[in-house]
Structure formats: C-alpha cells, structure tokens
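input-v6.txt (compact mmCIF, C-alpha atoms) appears below.
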```txt
# COMPACT_ATOMS: atom_id res chain seq x y z
CA MET A 1 -53.82 91.62 -88.60
CA SER A 2 -54.05 89.31 -91.53
CA ASP A 3 -52.20 86.08 -91.26
CA THR A 4 -53.32 85.17 -94.74
CA GLN A 5 -51.30 88.08 -96.05
CA LEU A 6 -48.16 86.85 -94.36
CA HIS A 7 -48.99 83.29 -95.35
CA ASP A 8 -49.45 84.25 -99.01
CA LEU A 9 -46.26 86.23 -98.97
CA ILE A 10 -44.28 83.30 -97.62
CA SER A 11 -45.82 80.77 -99.99
CA ARG A 12 -45.17 83.00 -103.01
CA HIS A 13 -41.56 83.66 -102.17
CA GLU A 14 -40.70 80.61 -100.11
CA VAL A 15 -37.59 79.60 -102.06
CA ASP A 16 -36.23 83.15 -102.30
CA LEU A 17 -36.96 83.89 -98.65
CA GLN A 18 -35.20 80.76 -97.60
CA ALA A 19 -32.05 81.64 -99.56
CA GLU A 20 -32.08 85.23 -98.35
CA TRP A 21 -32.63 84.11 -94.77
CA ALA A 22 -29.68 81.73 -94.88
CA LYS A 23 -27.61 84.54 -96.39
CA ALA A 24 -28.69 86.95 -93.66
CA ILE A 25 -27.64 84.45 -91.01
CA THR A 26 -24.25 84.06 -92.66
CA SER A 27 -23.71 87.81 -93.05
CA ALA A 28 -24.62 88.32 -89.39
CA GLY A 29 -21.72 85.99 -88.64
CA SER A 30 -24.01 83.47 -86.97
CA ALA A 31 -23.74 80.61 -89.44
CA ARG A 32 -20.71 79.06 -87.70
CA GLU A 33 -19.67 76.94 -90.65
CA ASP A 34 -17.14 75.32 -88.36
CA LEU A 35 -20.01 73.79 -86.41
CA MET A 36 -22.70 73.33 -89.02
CA LYS A 37 -22.61 72.63 -92.75
CA PRO A 38 -24.23 75.28 -95.01
CA GLU A 39 -26.59 72.67 -96.47
CA GLU A 40 -27.78 71.79 -93.00
CA LEU A 41 -28.49 75.44 -92.25
CA ARG A 42 -30.40 75.82 -95.52
CA LEU A 43 -32.39 72.70 -94.68
CA GLN A 44 -33.29 74.11 -91.27
CA CYS A 45 -34.36 77.39 -92.87
CA SER A 46 -36.59 75.74 -95.45
CA ASP A 47 -38.05 73.36 -92.89
CA LEU A 48 -38.90 76.11 -90.43
CA LEU A 49 -40.29 78.34 -93.18
CA ARG A 50 -42.55 75.51 -94.35
CA ARG A 51 -43.79 74.87 -90.82
CA LEU A 52 -44.30 78.61 -90.28
CA ARG A 53 -46.34 78.84 -93.46
CA GLN A 54 -48.53 75.92 -92.41
CA ALA A 55 -49.05 77.37 -88.97
CA LEU A 56 -50.08 80.72 -90.42
CA LYS A 57 -52.48 78.96 -92.74
CA HIS A 58 -54.25 77.11 -89.94
CA GLY A 59 -53.68 79.38 -86.99
CA GLY A 60 -55.80 82.46 -86.61
CA THR A 61 -53.59 83.91 -83.92
CA HIS A 62 -49.95 84.44 -83.19
CA ASP A 63 -50.22 82.58 -79.94
CA LEU A 64 -47.27 80.21 -80.12
CA THR A 65 -48.72 77.98 -77.42
CA GLY A 66 -51.66 77.05 -79.67
CA PRO A 67 -51.94 73.61 -81.29
CA GLU A 68 -51.44 75.03 -84.83
CA TRP A 69 -47.97 76.11 -83.80
CA LYS A 70 -46.93 72.73 -82.46
CA GLU A 71 -44.76 71.97 -85.50
CA VAL A 72 -43.00 75.34 -85.30
CA ARG A 73 -42.46 74.96 -81.57
CA GLU A 74 -40.98 71.50 -81.97
CA MET A 75 -38.66 72.68 -84.68
CA LEU A 76 -37.46 75.69 -82.65
CA VAL A 77 -36.95 73.59 -79.55
CA GLY A 78 -35.00 71.00 -81.56
CA VAL A 79 -32.84 73.59 -83.31
CA SER A 80 -32.17 75.37 -80.06
CA ARG A 81 -31.20 72.23 -78.17
CA THR A 82 -28.83 70.98 -80.85
CA ARG A 83 -27.20 74.39 -81.08
CA ALA A 84 -26.73 74.60 -77.35
CA SER A 85 -24.93 71.26 -77.35
CA GLN A 86 -22.96 72.07 -80.52
CA GLY A 87 -21.48 75.11 -78.82
CA PHE A 88 -23.31 77.99 -80.51
CA THR A 89 -23.43 81.19 -78.47
CA PRO A 90 -26.83 82.49 -77.32
CA SER A 91 -26.66 85.40 -79.82
CA GLU A 92 -25.84 83.07 -82.69
CA THR A 93 -28.80 80.89 -81.80
CA ALA A 94 -31.13 83.87 -81.46
CA ASN A 95 -29.86 85.30 -84.75
CA PHE A 96 -31.00 82.16 -86.52
CA VAL A 97 -34.59 83.27 -85.91
CA PHE A 98 -34.13 87.03 -85.94
CA SER A 99 -32.34 87.00 -89.30
CA LEU A 100 -35.67 86.13 -90.91
CA LYS A 101 -36.86 89.68 -90.23
CA GLU A 102 -34.72 91.39 -92.85
CA PRO A 103 -35.76 89.36 -95.92
CA LEU A 104 -39.35 89.19 -94.74
CA PHE A 105 -39.64 92.94 -94.16
CA GLN A 106 -38.01 93.63 -97.51
CA ARG A 107 -40.67 91.55 -99.25
CA LEU A 108 -43.41 93.29 -97.30
CA ARG A 109 -41.99 96.69 -98.26
CA SER A 110 -41.84 95.90 -101.95
CA GLU A 111 -45.34 94.43 -101.97
CA LEU A 112 -47.07 97.05 -99.86
CA SER A 113 -45.11 100.17 -100.81
CA ALA A 114 -48.32 101.77 -102.04
CA LYS A 115 -50.16 101.18 -98.76
CA PRO A 116 -48.03 102.56 -95.92
CA ALA A 117 -50.64 102.00 -93.23
CA GLN A 118 -51.00 98.34 -94.07
CA LEU A 119 -47.24 98.00 -94.43
CA ALA A 120 -46.73 99.33 -90.92
CA GLU A 121 -49.34 96.99 -89.52
CA GLU A 122 -48.00 93.92 -91.33
CA THR A 123 -44.44 94.72 -90.32
CA TRP A 124 -45.46 95.08 -86.70
CA SER A 125 -47.38 91.85 -86.76
CA ALA A 126 -44.56 89.90 -88.41
CA SER A 127 -42.05 91.45 -86.05
CA THR A 128 -43.90 90.43 -82.88
CA LEU A 129 -44.33 86.92 -84.27
CA ILE A 130 -40.62 86.52 -84.94
CA ASP A 131 -39.80 88.02 -81.53
CA LYS A 132 -41.96 85.38 -79.89
CA MET A 133 -40.23 82.67 -81.86
CA GLY A 134 -36.88 84.12 -80.83
CA LEU A 135 -37.84 84.17 -77.17
CA LEU A 136 -38.96 80.56 -77.29
CA THR A 137 -35.64 79.66 -78.87
CA MET A 138 -33.73 81.46 -76.14
CA GLU A 139 -35.69 79.87 -73.34
CA THR A 140 -35.03 76.42 -74.73
CA PHE A 141 -31.41 77.29 -75.34
CA GLN A 142 -30.95 78.27 -71.73
CA GLN A 143 -32.66 75.15 -70.50
CA ALA A 144 -30.46 73.01 -72.71
CA ARG A 145 -27.35 74.76 -71.39
CA GLU A 146 -28.47 74.17 -67.83
CA ASP A 147 -28.95 70.49 -68.66
CA VAL A 148 -25.42 70.37 -70.04
CA ILE A 149 -24.07 71.97 -66.86
CA ARG A 150 -26.02 69.54 -64.70
CA ARG A 151 -24.66 66.59 -66.63
CA GLN A 152 -21.13 67.90 -66.32
CA GLN A 153 -21.60 68.31 -62.60
CA GLU A 154 -22.73 64.74 -62.33
CA ALA A 155 -19.76 63.62 -64.35
CA MET A 156 -17.47 65.58 -62.04
CA LEU A 157 -18.97 63.91 -59.01
CA GLU A 158 -18.31 60.54 -60.52
CA LEU A 159 -14.64 61.31 -60.97
CA SER A 160 -12.85 58.14 -60.11
CA THR A 161 -10.92 58.31 -56.90
CA PRO A 162 -7.84 56.19 -57.28
CA VAL A 163 -6.42 54.35 -54.32
CA VAL A 164 -2.66 54.78 -54.54
CA LYS A 165 -0.10 52.39 -53.11
CA LEU A 166 2.73 54.36 -51.50
CA TRP A 167 4.69 51.46 -50.05
CA ASP A 168 4.09 47.86 -49.03
CA GLY A 169 1.18 48.04 -46.61
CA ILE A 170 0.66 51.78 -47.03
CA LEU A 171 -2.19 53.09 -49.17
CA ALA A 172 -3.13 56.69 -49.87
CA LEU A 173 -6.46 58.05 -51.01
CA PRO A 174 -6.15 61.53 -52.48
CA LEU A 175 -9.65 63.01 -52.27
CA ILE A 176 -10.48 65.81 -54.68
CA GLY A 177 -13.53 68.02 -55.03
CA THR A 178 -16.94 67.49 -53.55
CA LEU A 179 -17.54 64.62 -51.18
CA ASP A 180 -21.22 63.93 -51.39
CA SER A 181 -22.88 60.78 -50.12
CA ALA A 182 -22.88 58.88 -53.40
CA ARG A 183 -19.24 59.50 -54.17
CA THR A 184 -18.06 58.77 -50.65
CA GLN A 185 -19.79 55.42 -50.85
CA VAL A 186 -17.83 54.52 -53.99
CA VAL A 187 -14.62 55.77 -52.43
CA MET A 188 -15.15 53.77 -49.25
CA GLU A 189 -15.95 50.57 -51.10
CA SER A 190 -12.93 50.73 -53.37
CA LEU A 191 -10.69 51.61 -50.43
CA LEU A 192 -11.85 48.70 -48.27
CA GLN A 193 -11.42 46.28 -51.16
CA ARG A 194 -7.86 47.45 -51.71
CA VAL A 195 -7.19 47.19 -47.98
CA VAL A 196 -7.97 43.47 -48.17
CA ALA A 197 -6.11 42.92 -51.42
CA GLU A 198 -2.93 44.64 -50.29
CA GLY A 199 -2.95 43.54 -46.68
CA THR A 200 -2.72 47.16 -45.74
CA VAL A 201 -1.58 48.36 -42.34
CA VAL A 202 -1.96 52.12 -42.80
CA VAL A 203 -4.26 54.20 -44.97
CA ILE A 204 -3.74 57.92 -45.55
CA LEU A 205 -6.83 59.93 -46.49
CA ASP A 206 -5.56 63.13 -48.06
CA ILE A 207 -8.11 65.97 -48.17
CA THR A 208 -5.85 68.65 -49.65
CA GLY A 209 -8.13 68.76 -52.70
CA VAL A 210 -11.37 69.06 -50.76
CA PRO A 211 -12.23 72.78 -50.59
CA THR A 212 -14.93 72.61 -47.93
CA VAL A 213 -15.07 70.32 -44.94
CA ASP A 214 -18.50 70.62 -43.39
CA THR A 215 -20.19 68.27 -40.95
CA LEU A 216 -21.31 65.90 -43.72
CA VAL A 217 -17.80 65.56 -45.13
CA ALA A 218 -16.46 65.10 -41.60
CA GLN A 219 -19.04 62.41 -40.98
CA HIS A 220 -18.09 60.59 -44.19
CA LEU A 221 -14.43 60.73 -43.22
CA LEU A 222 -15.16 59.40 -39.75
CA LYS A 223 -17.23 56.56 -41.16
CA THR A 224 -14.46 55.59 -43.57
CA VAL A 225 -11.91 55.68 -40.75
CA THR A 226 -14.15 53.54 -38.53
CA ALA A 227 -14.76 50.99 -41.27
CA ALA A 228 -11.05 50.72 -42.03
CA ARG A 229 -10.31 50.35 -38.32
CA LEU A 230 -12.77 47.46 -38.08
CA MET A 231 -10.61 45.73 -40.67
CA GLY A 232 -7.51 46.27 -38.58
CA THR A 233 -6.15 49.18 -40.57
CA ASP A 234 -4.99 52.49 -39.13
CA CYS A 235 -6.10 55.69 -40.79
CA ILE A 236 -4.37 59.04 -40.99
CA ILE A 237 -6.12 62.10 -42.36
CA SER A 238 -3.73 64.50 -44.02
CA GLY A 239 -4.04 67.79 -45.87
CA ILE A 240 -5.73 69.70 -43.06
CA ARG A 241 -4.99 73.31 -43.93
CA PRO A 242 -5.12 76.13 -41.34
CA GLN A 243 -8.49 77.45 -42.51
CA ILE A 244 -9.98 73.95 -42.46
CA ALA A 245 -8.62 73.33 -38.96
CA GLN A 246 -10.21 76.54 -37.66
CA THR A 247 -13.51 75.76 -39.33
CA ILE A 248 -13.63 72.26 -37.90
CA VAL A 249 -13.04 73.69 -34.41
CA HIS A 250 -15.96 76.11 -34.80
CA LEU A 251 -18.20 73.41 -36.21
CA GLY A 252 -17.52 71.42 -33.06
CA VAL A 253 -16.71 68.22 -34.92
CA ASP A 254 -14.49 65.93 -32.89
CA LEU A 255 -11.65 64.52 -34.95
CA THR A 256 -9.38 63.89 -31.98
CA SER A 257 -9.89 60.13 -32.25
CA VAL A 258 -8.15 60.21 -35.64
CA ILE A 259 -4.50 60.95 -36.35
CA THR A 260 -4.42 64.08 -38.48
CA LYS A 261 -1.53 65.76 -40.22
CA ALA A 262 -1.09 68.97 -42.17
CA SER A 263 0.66 67.39 -45.13
CA LEU A 264 0.75 64.08 -46.94
CA ALA A 265 4.52 63.93 -46.34
CA ASP A 266 4.04 64.09 -42.57
CA ALA A 267 1.38 61.40 -42.74
CA PHE A 268 3.67 59.20 -44.83
CA LYS A 269 6.41 59.58 -42.24
CA ILE A 270 4.03 58.33 -39.53
CA ALA A 271 2.93 55.48 -41.76
CA LEU A 272 6.53 54.40 -42.35
CA ALA A 273 7.16 54.49 -38.61
CA ARG A 274 4.16 52.21 -38.09
CA ARG A 275 5.70 49.75 -40.52
CA ASN A 276 9.05 50.05 -38.70
CA LEU A 277 10.59 51.60 -41.77
CA MET A 278 12.65 54.73 -42.10
CA VAL A 279 14.04 56.84 -44.86
CA VAL A 280 17.75 57.54 -44.48
CA LYS A 281 20.02 59.75 -46.47
CA ARG A 282 22.48 57.78 -48.55
CA THR A 283 26.07 58.19 -47.43
CA ALA A 284 29.17 57.40 -49.47
CA ALA A 285 29.80 54.25 -47.46
CA VAL A 286 26.45 52.60 -48.20
CA ALA A 287 25.90 54.21 -51.58
CA ALA A 288 24.37 51.86 -54.06
CA PRO A 289 26.05 51.68 -57.44
CA VAL A 290 24.72 54.37 -59.77
CA PRO A 291 22.67 52.70 -62.50
CA ALA A 292 24.26 52.75 -65.94
CA GLY A 293 23.19 55.60 -68.16
CA VAL A 294 22.65 58.14 -65.38
CA MET B 1 -26.65 98.74 -44.61
CA PRO B 2 -26.57 99.36 -48.38
CA LEU B 3 -26.97 96.36 -50.62
CA THR B 4 -24.44 96.20 -53.43
CA LYS B 5 -25.21 92.86 -55.05
CA CYS B 6 -27.88 90.21 -54.82
CA GLU B 7 -28.13 86.70 -56.23
CA THR B 8 -30.82 84.08 -55.82
CA LEU B 9 -30.10 80.39 -56.25
CA ALA B 10 -32.53 77.51 -56.13
CA ILE B 11 -31.69 74.52 -53.94
CA ARG B 12 -33.35 71.47 -55.47
CA ALA B 13 -30.63 68.83 -55.68
CA GLU B 14 -27.34 67.87 -54.11
CA ALA B 15 -25.52 69.56 -56.99
CA ASP B 16 -27.21 72.86 -56.08
CA VAL B 17 -25.53 72.75 -52.67
CA VAL B 18 -22.22 72.66 -54.51
CA LEU B 19 -23.32 75.62 -56.64
CA VAL B 20 -24.29 77.59 -53.53
CA ARG B 21 -20.89 76.90 -52.00
CA GLN B 22 -19.13 78.05 -55.14
CA ALA B 23 -21.26 81.20 -55.44
CA VAL B 24 -20.67 82.10 -51.78
CA ARG B 25 -16.93 81.57 -52.18
CA LYS B 26 -16.89 83.81 -55.25
CA LEU B 27 -18.77 86.60 -53.46
CA ALA B 28 -16.59 86.25 -50.36
CA ILE B 29 -13.49 86.71 -52.52
CA GLU B 30 -15.09 89.73 -54.20
CA GLN B 31 -15.80 91.23 -50.79
CA GLY B 32 -12.13 90.82 -49.90
CA PHE B 33 -12.58 88.08 -47.30
CA GLY B 34 -9.41 86.34 -46.16
CA LEU B 35 -8.94 82.60 -46.67
CA VAL B 36 -10.12 81.68 -43.16
CA GLU B 37 -13.17 83.97 -43.39
CA GLN B 38 -14.01 82.56 -46.81
CA THR B 39 -13.80 79.00 -45.55
CA LYS B 40 -15.96 79.79 -42.53
CA ILE B 41 -18.79 81.44 -44.44
CA VAL B 42 -18.67 78.81 -47.21
CA THR B 43 -18.84 76.00 -44.66
CA ALA B 44 -21.72 77.66 -42.81
CA ALA B 45 -23.55 78.15 -46.12
CA SER B 46 -22.94 74.51 -46.98
CA GLU B 47 -24.46 73.33 -43.69
CA ILE B 48 -27.58 75.45 -44.01
CA ALA B 49 -28.02 74.78 -47.74
CA ARG B 50 -27.93 71.05 -47.04
CA ASN B 51 -30.48 71.45 -44.26
CA THR B 52 -32.71 73.38 -46.67
CA LEU B 53 -32.47 70.46 -49.08
CA ASP B 54 -32.60 67.51 -46.67
CA TYR B 55 -35.06 68.74 -44.06
CA GLY B 56 -36.89 71.54 -45.91
CA GLY B 57 -37.38 69.57 -49.11
CA GLY B 58 -35.59 72.24 -51.14
CA GLY B 59 -35.88 75.99 -51.26
CA GLU B 60 -33.78 78.93 -52.21
CA ALA B 61 -30.73 80.87 -51.15
CA VAL B 62 -30.48 84.64 -51.45
CA LEU B 63 -26.89 85.83 -51.39
CA GLU B 64 -26.36 89.53 -50.71
CA CYS B 65 -23.27 91.70 -50.59
CA HIS B 66 -23.51 94.62 -48.19
CA THR B 67 -21.35 97.58 -47.27
CA ASP B 68 -21.61 99.40 -43.98
CA GLY B 69 -19.23 102.32 -44.02
CA ILE B 70 -15.88 100.74 -44.68
CA ARG B 71 -17.08 97.30 -43.59
CA LYS B 72 -17.99 94.80 -46.26
CA GLY B 73 -20.09 91.79 -45.54
CA LEU B 74 -22.15 88.91 -46.85
CA ARG B 75 -25.73 88.19 -45.86
CA LEU B 76 -27.12 84.80 -46.83
CA VAL B 77 -30.77 83.94 -46.44
CA PHE B 78 -31.91 80.34 -46.86
CA SER B 79 -35.61 79.65 -46.95
CA ASP B 80 -37.78 76.62 -47.51
CA GLN B 81 -41.44 75.73 -47.28
CA GLY B 82 -40.79 72.48 -45.48
CA PRO B 83 -42.27 71.06 -42.30
CA GLY B 84 -40.49 73.58 -40.07
CA ILE B 85 -38.76 73.02 -36.72
CA LYS B 86 -40.75 72.30 -33.58
CA ASP B 87 -38.13 73.11 -30.98
CA ILE B 88 -35.47 75.49 -32.27
CA GLY B 89 -33.51 75.37 -29.01
CA GLN B 90 -33.20 71.62 -29.29
CA ALA B 91 -32.29 71.80 -32.99
CA MET B 92 -29.49 74.26 -32.24
CA ARG B 93 -27.95 71.99 -29.62
CA ASP B 94 -24.82 70.13 -30.71
CA GLY B 95 -25.32 66.45 -31.23
CA PHE B 96 -29.06 66.67 -31.82
CA THR B 97 -30.28 65.40 -35.16
CA THR B 98 -33.50 64.05 -36.59
CA GLY B 99 -31.67 62.84 -39.69
CA GLY B 100 -28.55 60.72 -39.61
CA GLY B 101 -26.05 63.54 -39.39
CA LEU B 102 -23.60 64.55 -36.71
CA GLY B 103 -26.01 67.15 -35.36
CA HIS B 104 -23.47 69.95 -35.50
CA GLY B 105 -24.83 71.73 -38.56
CA LEU B 106 -26.98 74.50 -37.08
CA GLY B 107 -24.85 75.15 -34.01
CA GLY B 108 -21.68 74.94 -36.08
CA ALA B 109 -23.00 77.36 -38.68
CA LYS B 110 -23.94 79.80 -35.91
CA ARG B 111 -20.40 79.69 -34.52
CA LEU B 112 -18.93 80.26 -37.99
CA VAL B 113 -20.75 83.55 -38.62
CA GLU B 114 -21.20 86.80 -36.71
CA GLU B 115 -24.95 87.16 -36.97
CA PHE B 116 -27.29 84.20 -37.05
CA ASP B 117 -31.05 84.19 -37.14
CA ILE B 118 -33.50 81.34 -37.52
CA VAL B 119 -37.24 81.68 -37.97
CA SER B 120 -39.29 78.52 -38.10
CA ALA B 121 -42.55 77.03 -36.96
CA PRO B 122 -44.17 73.67 -37.68
CA GLY B 123 -45.92 73.84 -41.03
CA SER B 124 -44.60 77.21 -42.11
CA GLY B 125 -41.11 76.47 -43.35
CA THR B 126 -37.75 77.64 -42.10
CA ARG B 127 -35.67 80.70 -42.80
CA VAL B 128 -32.07 80.99 -41.71
CA THR B 129 -30.05 84.20 -42.06
CA LEU B 130 -26.26 84.23 -41.86
CA VAL B 131 -24.19 87.43 -41.79
CA ARG B 132 -20.44 87.68 -41.77
CA TRP B 133 -18.41 90.89 -41.96
CA LYS B 134 -14.91 91.21 -43.22
```
Output the file's structure as structure tokens, nothing else.
Amino acid sequence: MSDTQLHDLISRHEVDLQAEWAKAITSAGSAREDLMKPEELRLQCSDLLRRLRQALKHGGTHDLTGPEWKEVREMLVGVSRTRASQGFTPSETANFVFSLKEPLFQRLRSELSAKPAQLAEETWSASTLIDKMGLLTMETFQQAREDVIRRQQEAMLELSTPVVKLWDGILALPLIGTLDSARTQVVMESLLQRVVAEGTVVVILDITGVPTVDTLVAQHLLKTVTAARLMGTDCIISGIRPQIAQTIVHLGVDLTSVITKASLADAFKIALARRNLMVVKRTAAVAAPVPAGV
Amino acid sequence: MPLTKCETLAIRAEADVVLVRQAVRKLAIEQGFGLVEQTKIVTAASEIARNTLDYGGGGEAVLECHTDGIRKGLRLVFSDQGPGIKDIGQAMRDGFTTGGGLGHGLGGAKRLVEEFDIVSAPGSGTRVTLVRWK
C-alpha cells in the first residue's frame, strides 16, 4: 500500500476533489441545507481533505489512533459532535465521510486505468481508510447523542415543581415524573417556605403524575409529610391509583399514618372540612347577581 | 423457556435507574401485562436497580422477554461487582437497611414478583433475578 500515491493524488486534485465531494454529499441528500450553509460544508470538506493529505504525508500507516492522524481525528470528532447537536441523522453524518469515496475512486480509476492490479489495491486501501474514518465519526456521533439525552434527562429532573394555592390556608403540590433525592429536596424546601409564607393549615401532595412509587419515593413523601407536620401543617397524599395502592401494599411500606385519597378532589374536600369550609350549590334564593357581560 | 428479546442496560447514575424503569415498562406493555402487573414489575425493578447503584456501586441490568407455551413473562437480572451481602437473610428482612432507606426494597421486590433469586457473597458482587409472568 502506498500512501504517497494517495497523498499525491489528493494534493494534485485537492480543489476538484473538494468540490466533487461536496457535490456528492448534496446529491446523496445529506447536505441538509436547512441546518448548514453550503459554504460551511465546503469549508469542512476542504479542511478535512487538507488534514487527510497531511496525515497521509507523515503517517506510514492507516492506523487512525496514531499521532499523525490527530488532526484528522479532531476534525472528525468536532464535525460529528456539532452534527449530532444540530439534528443531523446518523446516516447523514456518516455520508459526510463516505461521500468522499466516489470522487476519490473516480480519480484513482482515471489515473490507474492502465494498471488494474494497482488500481484494485489502491481502491481497497483508500476504501478501508475512509471506512475507519466513518466508523470514528459514528462512534463520536453516538456518544454526542447520548450526552444530549443525558443533559435532557437532567433538565427534566430539574423541572420546577410549583406549589399551588387552592384556597386560603390550603396548598397543593402536584408532583410529576421522577422523584429522585435531589429533586425531592428542592420540592420540600420550596413547600416548607410557602407553608410559612401562607400560614398554611393543609397541604395536599398529589402524586397522580408520578408513575412509579417505590420505597425511595415513599420515603421522600413520608419525610416531607413529617417535616410539614413539625411546622403544624396537615398533609394529605392524593392521586393514589389502584395499581399504586396494590404495589405499596406488597412493598410493605406503611402509609397508614398519613391521610391518603384517590383523587385531588377528594383531598380538597377533606382540606376544606379542616378549614371549616364547605362548597354548597347555589340556589335561586342566595344566588349572587350574574356579572355583567355573561 | 424460549427467549424472545434481550436488552442490556448499564446502571451507572441515578438517571440510569429511570431508564431501566422505562425500559421495563415498555417491555411489560409489549408482553401484554396489565396495569397492575406493569406497575409491580417496574417497581420491583426500580428497587433492585437502585440497590445495584447505591450498594453495588453500579452494574448492569439484563432485561429478557420469555414465552413458555402461552405464558409470556419478563426476566430481569441485575448484577454488580460491589462488596456483596454478608447475611442475605438479614438483608431480605423488612426494616433492615445498611443505608438510610426504609429497608423494604429487597423484601418488597420479592413480594412484587413471582420468582426471586439472589446470589451474593462478600467480595464477589451481587446478582438478583426477578421473574414475573403475565
């Protein structure tokens, strides 16, 4: 395998190759002009081609982990990461590298048409090199995507949990999603602060939006209830669905010390009773005047 | 007991426990589990996955779908290379914990599934297998 051959080929036709490569990417439908400007793509092509040429000049092997290939590696990793975050699909990202094959092989064919054996060898060598570059790109792409997912997960966990005032002295805390330690801490702090500020008598913790209640979630709930109780506030846990109730029984977690209700409405009714309030249906005799415009 | 599907998930961070729960729920739905059965197996998986992370220092979960005649089931294997459990009987007992938890995780998980197996020894990690049939 002669890297000099490939190196010479690239240096002789660098400008043409670069244009043809960019064209090949576009015709493969992987240019995504909605996400990346054509000039930017051309710049990436010329940059990578230059780095590839330099690597071939210095590097005796096609081992991409070698120090001569550092520049190429960095470029591929960078391109791959930006594309992952820009919303390119995996195929579109891979095609960026693989599209180099067509123009490169064409050049090889026209230069070595008289020597079929050498042509076959050069094509094979160039092909494995580009495959390796493609694989590196994909690996990085996947890593970058996983990073994005991880970040999104963290953002989800930090979803603010609003404390809602239902009535004077009655607060509700609609919990949604995953209750891990960090988030529960935030929830508990904001709840206790509001308890003081509002002079709350009853707090309703609604877990309708919590898909799984395991022992850790139960423990967090119990701690919140205990803390609120220490401040003189009663807690009601609502939103216990049938499947959750059965699971809690099997887990053996004791929630009997807490008032629990199936729905937020039921819990609100209890809370109103605690405040000596009641909701009554309006009759004609006590009907308030209908506001103008209704 | 033919295996129809197999997935392996790493448990390295708190977020991975969430991913395990979601994956188990998805498979349970695919296997035609009812809402109560889904919730039970997901909760059991959540308990054991958290133990793998908190006490085992991380590990992996292998989620398998099985069919046995007309029965469909899920088999979940959680393994870690952590310090292991000295006294399994004690660890299984409700209310016992070496962390700060409620101490209902292992026993609770066992009651939520149909087959439960735990293999552990000090220094050689822990492996917990959960099986639930539809």
Requested in this report: Considering all atoms listed in the file, extract the chain B residues located within 10 Å of chain A and return them as JSON, numbers by chain.
Outcome: {"B": [14, 15, 16, 17, 18, 19, 21, 22, 34, 35, 36, 37, 38, 39, 40, 41, 42, 43, 44, 45, 46, 47, 50, 94, 95, 100, 101, 102, 103, 104, 105, 106, 107, 108, 109, 110, 111, 112, 113]}
Report task. Find the distance between CA of Leu9 (chain B) and CA of Ala61 (chain B) and write it in Å to one decimal. Result -> 5.2 Å
Query raised in the report: Closest to Met75 (chain A) among A:Val196, A:Ala271, A:Leu48, A:Ala114, using only C-alpha atoms?
Result: A:Leu48
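Atom to atom, CA of Val210 (chain A) and CA of Leu175 (chain A) stand 6.5 Å apart.
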**Report entry** Two-atom distance - CA of Val258 (chain A), CA of Arg274 (chain A) (Å)
**Finding:** 14.9 Å
Query raised in the report: Using all atoms listed in the file, what residues lie at most 9 Å away from (-45.2, 70.0, -38.2) (file coordinates), given as a ChimeraX atom specification?
Result: /B:82-86,121-124
Restricted to C-alpha atoms, what would the selected residues look like written as a PDB file, in the frame of the given file?
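Writing the result to out-v6.pdb gives the following:
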```
ATOM      1  CA  GLY B  82     -40.790  72.480 -45.480  1.00  0.00           C
ATOM      2  CA  PRO B  83     -42.270  71.060 -42.300  1.00  0.00           C
ATOM      3  CA  GLY B  84     -40.490  73.580 -40.070  1.00  0.00           C
ATOM      4  CA  ILE B  85     -38.760  73.020 -36.720  1.00  0.00           C
ATOM      5  CA  LYS B  86     -40.750  72.300 -33.580  1.00  0.00           C
ATOM      6  CA  ALA B 121     -42.550  77.030 -36.960  1.00  0.00           C
ATOM      7  CA  PRO B 122     -44.170  73.670 -37.680  1.00  0.00           C
ATOM      8  CA  GLY B 123     -45.920  73.840 -41.030  1.00  0.00           C
ATOM      9  CA  SER B 124     -44.600  77.210 -42.110  1.00  0.00           C
TER      10      SER B 124
END
```
Report task. Please return, as a list in words, all polymer residues that have at least one atom within 12 Å of the point (-52.4, 73.1, -92.2); use all atoms listed in the file and the file's own coordinate frame. Result ->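 The answer, in the requested form, is His7, Arg50, Arg51, Leu52, Arg53, Gln54, Ala55, Leu56, Lys57, His58, Gly59, Gly60, Pro67, Glu68, Trp69, Lys70, Glu71 and Val72 of chain A.
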Nearby residues (only C-alpha atoms) at most 9 Å from Lys132 (chain A), same-chain spacing under 6 positions excluded, as a PDB file with C-alpha atoms, keeping the file's coordinate frame:
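The file below, around18.pdb, is the result:
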```
ATOM      1  CA  HIS A  62     -49.950  84.440 -83.190  1.00  0.00           C
ATOM      2  CA  ASP A  63     -50.220  82.580 -79.940  1.00  0.00           C
ATOM      3  CA  LEU A  64     -47.270  80.210 -80.120  1.00  0.00           C
TER       4      LEU A  64
END
```
Step by step, gather every atom of region 220-227 of chain A that the file lists, find the box along x, y and z that holds them, add 3 Å on each side, and finally give centre and edge lengths in Å to one decimal, as lines of an AutoDock Vina configuration file.
```
center_x = -15.0
center_y = 55.9
center_z = -41.4
size_x = 12.2
size_y = 15.7
size_z = 11.7
```
**Report entry** Close residues, Asp266 (chain A) itself excluded, 12 Å, only C-alpha atoms, min 5 positions apart in chain, as a list in words
**Finding:**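 The filter keeps Ile204, Asp206, Ile236, Ile237, Ser238, Gly239, Ile240, Ile259, Thr260, Lys261, Ala271, Leu272 and Ala273 of chain A.
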Please provide the set of residues having any atom within 6 Å of Arg75 (chain B), restricted to all atoms listed in the file, with same-chain residues fewer than 2 positions apart removed, written as a PDB file with C-alpha atoms, in the coordinates of the input.
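around.pdb, written as the output of this step:
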```pdb
ATOM      1  CA  GLU B  64     -26.360  89.530 -50.710  1.00  0.00           C
ATOM      2  CA  LEU B 130     -26.260  84.230 -41.860  1.00  0.00           C
ATOM      3  CA  VAL B 131     -24.190  87.430 -41.790  1.00  0.00           C
TER       4      VAL B 131
END
```
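Residues with any atom within 10 Å of Glu30 (chain B), counting all atoms listed in the file and excluding same-chain neighbours fewer than 5 positions away, are Val24, Arg25, Cys65 and Lys72 of chain B.
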Report summary line: Min atom-atom distance to Gln81 (chain B) from the set B:Thr97, B:Trp133, B:Gly125, B:His66, counting all atoms listed in the file, belongs to B:Gly125
